[in-house]
file structure_2.txt (compact mmCIF, C-alpha atoms)
# COMPACT_ATOMS: atom_id res chain seq x y z
CA MET V 1 -60.04 -33.65 37.58
CA ILE V 2 -59.99 -29.87 37.65
CA ALA V 3 -56.48 -28.68 38.30
CA ALA V 4 -55.17 -25.20 38.80
CA GLN V 5 -53.69 -25.01 35.28
CA GLY V 6 -53.63 -21.45 34.00
CA ILE V 7 -54.29 -19.80 37.36
CA PRO V 8 -51.34 -17.69 38.50
CA LEU V 9 -50.02 -18.09 42.02
CA VAL V 10 -50.78 -14.48 42.80
CA ALA V 11 -54.53 -15.13 42.39
CA PHE V 12 -54.54 -17.56 45.32
CA LEU V 13 -52.34 -15.25 47.39
CA ALA V 14 -54.64 -12.30 46.72
CA VAL V 15 -57.71 -14.28 47.83
CA ALA V 16 -55.85 -15.35 50.97
CA ALA V 17 -54.76 -11.77 51.69
CA VAL V 18 -58.30 -10.42 51.37
CA LEU V 19 -59.65 -13.30 53.49
CA PHE V 20 -57.05 -12.53 56.17
CA CYS V 21 -57.99 -8.85 56.20
CA ILE V 22 -61.71 -9.67 56.46
CA GLY V 23 -60.86 -11.94 59.39
CA LEU V 24 -58.83 -9.18 61.03
CA PHE V 25 -61.68 -6.74 60.46
CA ALA V 26 -64.17 -9.18 62.02
CA ALA V 27 -61.93 -9.92 65.01
CA LEU V 28 -61.38 -6.21 65.71
CA ARG V 29 -64.90 -4.99 65.05
CA ARG V 30 -67.08 -7.58 66.72
CA ALA V 31 -68.18 -7.01 70.30
CA ASN V 32 -69.14 -10.66 70.78
CA ALA V 33 -66.34 -12.96 71.94
CA ILE V 34 -67.59 -15.85 69.78
CA MET V 35 -67.44 -13.58 66.73
CA VAL V 36 -63.86 -12.59 67.60
CA LEU V 37 -62.95 -16.29 67.61
CA MET V 38 -64.67 -16.72 64.23
CA GLY V 39 -62.52 -13.89 62.83
CA ILE V 40 -59.41 -15.66 64.10
CA GLU V 41 -60.53 -18.86 62.37
CA LEU V 42 -60.89 -16.90 59.12
CA MET V 43 -57.32 -15.62 59.47
CA LEU V 44 -55.99 -19.16 60.10
CA ASN V 45 -57.80 -20.37 56.98
CA ALA V 46 -56.19 -17.61 54.91
CA VAL V 47 -52.75 -18.68 56.15
CA ASN V 48 -53.51 -22.26 55.13
CA ILE V 49 -54.43 -21.18 51.59
CA ASN V 50 -51.05 -19.45 51.35
CA LEU V 51 -49.16 -22.51 52.60
CA VAL V 52 -50.86 -24.92 50.20
CA ALA V 53 -50.57 -22.54 47.22
CA PHE V 54 -46.86 -21.92 47.76
CA SER V 55 -46.13 -25.64 48.15
CA ARG V 56 -48.13 -26.41 45.00
CA TYR V 57 -46.43 -23.78 42.86
CA SER V 58 -42.84 -23.85 44.00
CA ALA V 59 -41.84 -27.11 45.70
CA PRO V 60 -42.01 -29.98 43.21
CA ALA V 61 -39.88 -32.48 45.10
CA ASP V 62 -41.74 -32.43 48.37
CA ALA V 63 -45.06 -30.73 47.74
CA ALA V 64 -46.31 -32.42 50.90
CA ARG V 65 -44.25 -30.14 53.13
CA GLY V 66 -46.61 -27.19 52.87
CA GLN V 67 -49.64 -29.44 53.24
CA ALA V 68 -48.18 -31.10 56.35
CA PHE V 69 -47.59 -27.63 57.79
CA ALA V 70 -51.18 -26.69 56.96
CA LEU V 71 -52.33 -29.79 58.85
CA PHE V 72 -50.45 -28.60 61.94
CA VAL V 73 -52.11 -25.21 61.61
CA LEU V 74 -55.47 -27.01 61.46
CA ALA V 75 -54.68 -28.96 64.64
CA VAL V 76 -53.69 -25.79 66.49
CA ALA V 77 -56.85 -24.05 65.24
CA ALA V 78 -58.99 -26.91 66.52
CA ALA V 79 -57.35 -26.77 69.96
CA GLU V 80 -57.72 -22.99 70.01
CA ALA V 81 -61.42 -23.23 69.12
CA ALA V 82 -62.08 -25.83 71.83
CA VAL V 83 -60.34 -23.93 74.65
CA GLY V 84 -61.47 -20.49 73.47
CA LEU V 85 -65.13 -21.46 73.26
CA ALA V 86 -64.91 -23.21 76.65
CA LEU V 87 -63.61 -19.92 78.10
CA VAL V 88 -66.47 -18.04 76.41
CA ILE V 89 -68.99 -20.41 78.01
CA ILE V 90 -67.51 -19.91 81.51
CA VAL V 91 -67.44 -16.14 81.10
CA SER V 92 -71.05 -16.13 79.96
CA ARG V 93 -72.03 -18.22 82.99
CA ARG V 94 -70.19 -16.07 85.52
CA ARG V 95 -70.68 -12.58 84.14
CA ASN V 96 -73.81 -13.00 82.04
CA THR V 97 -72.18 -11.32 79.06
CA ILE V 98 -69.72 -12.24 76.34
CA GLU V 99 -69.16 -8.72 75.07
CA VAL V 100 -65.42 -8.24 75.04
CA ASP V 101 -65.69 -4.57 76.04
CA LYS V 102 -67.56 -5.45 79.23
CA ILE V 103 -65.07 -8.06 80.44
CA ASP V 104 -62.63 -5.59 81.95
CA THR V 105 -61.81 -6.82 85.45
CA LEU V 106 -58.06 -6.55 84.86
CA ARG V 107 -58.25 -3.07 83.37
CA GLY V 108 -56.20 -0.67 85.47
CA MET L 1 -61.76 -17.73 30.76
CA ASN L 2 -61.03 -21.43 30.87
CA GLY L 3 -62.64 -24.05 33.14
CA PRO L 4 -60.26 -23.84 36.11
CA MET L 5 -60.41 -20.05 36.05
CA VAL L 6 -64.23 -20.13 36.25
CA ALA L 7 -64.07 -22.63 39.12
CA PHE L 8 -61.49 -20.49 40.88
CA ALA L 9 -63.59 -17.34 40.45
CA CYS L 10 -66.71 -19.07 41.83
CA LEU L 11 -64.86 -20.50 44.83
CA ALA L 12 -63.04 -17.25 45.58
CA GLY L 13 -66.32 -15.34 45.32
CA LEU L 14 -68.09 -17.78 47.67
CA THR L 15 -65.23 -17.65 50.17
CA LEU L 16 -64.84 -13.89 50.24
CA TYR L 17 -68.58 -13.08 50.16
CA SER L 18 -69.38 -15.40 53.05
CA ALA L 19 -66.32 -14.18 54.97
CA TRP L 20 -67.60 -10.62 54.53
CA ARG L 21 -71.00 -11.71 55.82
CA VAL L 22 -69.28 -13.32 58.83
CA ALA L 23 -67.77 -9.93 59.61
CA THR L 24 -71.00 -7.98 59.13
CA ALA L 25 -74.01 -10.25 59.83
CA PRO L 26 -75.98 -8.81 62.75
CA GLN L 27 -76.94 -12.18 64.25
CA VAL L 28 -74.37 -14.60 65.59
CA THR L 29 -76.17 -17.67 64.22
CA HIS L 30 -76.20 -16.22 60.69
CA ALA L 31 -72.51 -15.41 60.99
CA ALA L 32 -71.86 -19.02 62.06
CA LEU L 33 -73.67 -20.38 58.99
CA PHE L 34 -71.70 -18.05 56.72
CA LEU L 35 -68.53 -19.23 58.47
CA ALA L 36 -69.43 -22.79 57.43
CA ALA L 37 -69.85 -21.56 53.83
CA THR L 38 -66.42 -19.89 54.03
CA PHE L 39 -64.84 -23.15 55.22
CA ALA L 40 -66.51 -24.99 52.33
CA GLY L 41 -65.15 -22.41 49.87
CA VAL L 42 -61.63 -22.78 51.28
CA ALA L 43 -61.97 -26.57 50.98
CA GLY L 44 -62.88 -26.05 47.30
CA LEU L 45 -59.75 -23.93 46.84
CA PHE L 46 -57.66 -26.73 48.40
CA PHE L 47 -59.29 -29.17 45.99
CA LEU L 48 -58.40 -26.87 43.10
CA LEU L 49 -54.81 -26.89 44.34
CA GLN L 50 -54.96 -30.71 44.24
CA ALA L 51 -54.61 -31.00 47.99
CA ASP L 52 -57.39 -33.60 48.17
CA PHE L 53 -56.56 -34.86 51.65
CA LEU L 54 -56.40 -31.35 53.07
CA ALA L 55 -59.73 -30.47 51.42
CA ALA L 56 -61.37 -33.51 53.04
CA VAL L 57 -59.84 -32.68 56.44
CA GLN L 58 -60.96 -29.07 56.06
CA LEU L 59 -64.56 -30.19 55.46
CA LEU L 60 -64.54 -32.74 58.28
CA LEU L 61 -62.70 -30.70 60.88
CA TYR L 62 -63.76 -27.12 60.16
CA ALA L 63 -67.17 -27.38 58.50
CA GLY L 64 -67.95 -30.36 60.75
CA ALA L 65 -66.29 -30.29 64.15
CA VAL L 66 -65.38 -26.63 64.68
CA MET L 67 -68.78 -25.48 63.42
CA THR L 68 -70.50 -27.86 65.84
CA VAL L 69 -68.46 -26.45 68.71
CA VAL L 70 -69.26 -22.89 67.65
CA ILE L 71 -73.01 -23.62 67.43
CA PHE L 72 -72.91 -25.30 70.85
CA ALA L 73 -71.07 -22.32 72.31
CA ILE L 74 -73.69 -19.95 70.89
CA MET L 75 -76.41 -22.15 72.37
CA LEU L 76 -74.79 -22.56 75.79
CA SER L 77 -73.78 -18.93 76.19
CA GLU L 78 -77.45 -18.00 75.67
CA MET L 79 -76.56 -14.97 73.58
CA ARG L 80 -78.33 -16.08 70.44
CA GLU L 81 -79.63 -12.68 69.41
CA VAL L 82 -76.91 -10.19 70.17
CA GLU L 83 -78.49 -6.87 69.48
CA SER L 84 -75.43 -4.77 70.15
CA ASP L 85 -73.82 -6.08 66.97
CA ALA L 86 -76.77 -4.93 64.87
CA ARG L 87 -75.44 -1.49 64.15
CA GLY L 88 -76.09 0.61 61.10
CA TRP L 89 -73.37 1.80 58.77
CA ARG L 90 -73.61 5.34 60.06
CA SER L 91 -72.89 4.48 63.69
CA LEU L 92 -70.36 1.92 62.48
CA LEU L 93 -68.35 4.57 60.70
CA LEU L 94 -68.58 7.07 63.53
CA SER L 95 -67.51 4.83 66.41
CA PRO L 96 -63.72 4.50 66.66
CA ARG L 97 -63.68 1.16 68.50
CA LEU L 98 -66.11 -0.58 66.15
CA GLY L 99 -65.71 1.35 62.92
CA ILE L 100 -62.66 3.39 62.03
CA VAL L 101 -59.93 1.32 63.68
CA PRO L 102 -60.96 -2.12 62.31
CA LEU L 103 -61.76 -0.64 58.90
CA VAL L 104 -58.47 1.20 58.60
CA GLY L 105 -56.59 -1.85 59.92
CA GLY L 106 -58.23 -4.28 57.52
CA VAL L 107 -58.21 -2.08 54.42
CA GLY L 108 -54.70 -0.81 55.14
CA LEU L 109 -53.27 -4.30 55.55
CA ALA L 110 -55.08 -5.45 52.39
CA ALA L 111 -53.68 -2.49 50.45
CA ILE L 112 -50.12 -3.14 51.67
CA LEU L 113 -50.31 -6.88 50.90
CA LEU L 114 -51.94 -6.49 47.49
CA SER L 115 -49.53 -3.75 46.36
CA ALA L 116 -46.59 -5.90 47.46
CA TYR L 117 -48.04 -8.86 45.54
CA HIS L 118 -48.64 -6.63 42.53
CA ARG L 119 -45.00 -5.60 42.53
CA ALA L 120 -43.66 -9.14 43.02
CA ALA L 121 -46.14 -10.95 40.78
CA PRO L 122 -44.12 -10.87 37.50
CA SER L 123 -41.44 -13.09 39.02
CA TRP L 124 -43.94 -15.61 40.38
CA PRO L 125 -45.07 -18.77 38.56
CA LEU L 126 -48.12 -18.45 36.34
CA SER L 127 -49.03 -22.11 36.37
CA PRO L 128 -48.56 -24.84 38.99
CA LEU L 129 -45.97 -27.57 38.74
CA PRO L 130 -47.11 -31.10 37.92
CA ALA L 131 -48.76 -32.46 41.03
CA ALA L 132 -47.93 -35.67 42.85
CA PRO L 133 -50.39 -38.42 41.87
CA ASP L 134 -51.68 -38.94 45.40
CA SER L 135 -50.98 -36.25 47.94
CA THR L 136 -52.16 -38.40 50.86
CA ARG L 137 -49.23 -40.79 50.53
CA PHE L 138 -46.74 -37.92 50.51
CA ILE L 139 -48.34 -36.22 53.50
CA ALA L 140 -48.28 -39.49 55.44
CA HIS L 141 -44.61 -39.97 54.55
CA ALA L 142 -43.80 -36.43 55.66
CA LEU L 143 -45.77 -36.74 58.89
CA PHE L 144 -44.27 -40.04 59.97
CA HIS L 145 -40.68 -39.41 58.90
CA ALA L 146 -39.56 -35.80 58.75
CA TYR L 147 -42.24 -34.38 61.04
CA ALA L 148 -42.80 -37.30 63.44
CA LEU L 149 -41.94 -35.23 66.52
CA PRO L 150 -44.18 -32.23 65.66
CA PHE L 151 -46.93 -34.73 64.88
CA GLU L 152 -46.67 -36.23 68.38
CA VAL L 153 -46.52 -32.77 69.95
CA ALA L 154 -49.68 -31.81 68.04
CA SER L 155 -51.46 -34.88 69.40
CA VAL L 156 -50.42 -33.96 72.96
CA LEU L 157 -51.64 -30.40 72.32
CA LEU L 158 -55.03 -31.69 71.17
CA LEU L 159 -55.29 -33.97 74.21
CA ALA L 160 -54.40 -31.10 76.55
CA ALA L 161 -56.93 -28.83 74.84
CA MET L 162 -59.64 -31.48 75.15
CA ILE L 163 -58.97 -32.09 78.86
CA GLY L 164 -58.68 -28.36 79.47
CA ALA L 165 -62.01 -27.65 77.78
CA ILE L 166 -63.73 -30.36 79.83
CA ILE L 167 -62.24 -29.15 83.13
CA LEU L 168 -63.00 -25.51 82.37
CA THR L 169 -66.67 -26.02 81.58
CA ARG L 170 -67.46 -28.58 84.26
CA THR L 171 -69.67 -27.25 87.07
CA GLU L 172 -71.17 -29.95 89.27
CA GLY L 173 -69.18 -32.54 91.20
CA GLY L 174 -65.52 -31.57 91.28
CA ALA L 175 -63.78 -28.22 91.24
CA LYS L 176 -66.22 -25.52 90.25
CA GLY L 177 -65.66 -23.60 87.04
call {"tool": "encode", "arguments": {"input": "structure_2.txt", "output": "C-alpha cells"}}
result
Amino acid sequence: MIAAQGIPLVAFLAVAAVLFCIGLFAALRRANAIMVLMGIELMLNAVNINLVAFSRYSAPADAARGQAFALFVLAVAAAEAAVGLALVIIVSRRRNTIEVDKIDTLRG
Amino acid sequence: MNGPMVAFACLAGLTLYSAWRVATAPQVTHAALFLAATFAGVAGLFFLLQADFLAAVQLLLYAGAVMTVVIFAIMLSEMREVESDARGWRSLLLSPRLGIVPLVGGVGLAAILLSAYHRAAPSWPLSPLPAAPDSTRFIAHALFHAYALPFEVASVLLLAAMIGAIILTRTEGGAKG
C-alpha cells in the first residue's frame, strides 16, 4: 500500500491552503448561487485535508481523533448542501433567477 | 522523486487543477463535473494519508450524494447555461465585484498562509508516524465512546436538514413553498 512516507506535512498543508483559497475565490467571484455553494464545498474539503494530515503526522496514540472530526465536518457539509440547494431551488422558482446580486429584497 | 511523492504530486495536481476549473468554468454543468474530479482527488489524498475509511466516505458522500444533489439543483433551477458567468479575463480584472476583490482575497490569503507555513515548516515533521493497522476500527471506537454525543447530534442535524429540504421545496398539497 502506498503510504505517505517521505512526504513532509507542509506539502499537504500547502495543497489544502491553495484549495481553500481557490474555494474562497470561487465563492466570492461567482454570480450563480449554486457556484457559491460549490466554492464553500471546496473550502470544507480543504479543512478536512488539514485535519486528516495533522492527525496522521502528530497524534500517534489516537490518530482517529482528527478523522472523526473530519467525519463531522462531512456530515455538516452534507446538511449544508441539502438545505442550501433547496433554498436555491425555491429562489429560482419564485424569482426566476439565482444570481446572488439580483436577490436583494432585504437591501436597505 | 520516490513513489509516494509522484502519487502525491499527481493527486495534488488533479485536485488543484479541477478546483481552479470549478472557479473559472463558464458553464455550471462543467464546473459541477470538475467539482466531482476535485472530490476524487481529495479522496486520493485521504488514501495517501492512510485514512481509508474517510477516503471511501468522501467518494460515496461527496462524489456520489452531494454531486447528485448539485446536478439535480442545476436541473431544477433551469439555469443550465448561465451566460453571465462567461466573462473574459479583461472584464474579470476590471470589475471590482467579480474580479479584483475575489482575486485579492484569494491570492492574499494564500500568500499569508503559505508564508506562515514556510516559516514554521522546519519544526514540522517530515514523515508521518506509523499508522494504525485499520483506521476504521479506531474511528468507530472514537465515535461510539469519546464522541458519542456529537455523533447523535450530527444524526439529528442530518434528519433536520433532510426534513427541512423536503418542506422547503414542496409545492403542491400542503403549505406552499
call {"tool": "residues_near_point", "arguments": {"input": "structure_2.txt", "point": "(-65.1, -23.3, 67.4)", "cutoff": "9 Å", "atoms": "only C-alpha atoms", "output": "MDAnalysis selection string"}}
result
(chainID V and resid 34 37:38 41 77:85) or (chainID L and resid 62 65:73)
call {"tool": "residues_around", "arguments": {"input": "structure_2.txt", "residues": "Val15 of chain V", "least_positions_apart": "5", "cutoff": "8 Å", "atoms": "all atoms listed in the file", "output": "compact mmCIF listing (two decimals) with C-alpha atoms, in the frame of the given file"}}
result
# COMPACT_ATOMS: atom_id res chain seq x y z
CA ALA V 46 -56.19 -17.61 54.91
CA ALA L 12 -63.04 -17.25 45.58
CA LEU L 16 -64.84 -13.89 50.24
call {"tool": "atom_distance", "arguments": {"input": "structure_2.txt", "atom1": "atom CA of Ser58 of chain V", "atom2": "atom CA of His141 of chain L"}}
result
19.3 Å
call {"tool": "interface_residues", "arguments": {"input": "structure_2.txt", "of": "chain L", "to": "chain V", "cutoff": "6 Å", "atoms": "all atoms listed in the file", "output": "PyMOL selection string"}}
result
chain L and resi 4+23+48-49+77+98+102+106+110+126-129+138-139+158+161+165+169
call {"tool": "atom_distance", "arguments": {"input": "structure_2.txt", "atom1": "atom CA of Gly105 of chain L", "atom2": "atom CA of Ser18 of chain L"}}
result
19.9 Å
call {"tool": "atom_distance", "arguments": {"input": "structure_2.txt", "atom1": "atom CA of Ala116 of chain L", "atom2": "atom CA of Val47 of chain V"}}
result
16.6 Å
call {"tool": "residues_around", "arguments": {"input": "structure_2.txt", "residues": "Ala43 of chain L", "least_positions_apart": "6", "cutoff": "7 Å", "atoms": "all atoms listed in the file", "output": "ChimeraX atom specification"}}
result
/L:55,58-59
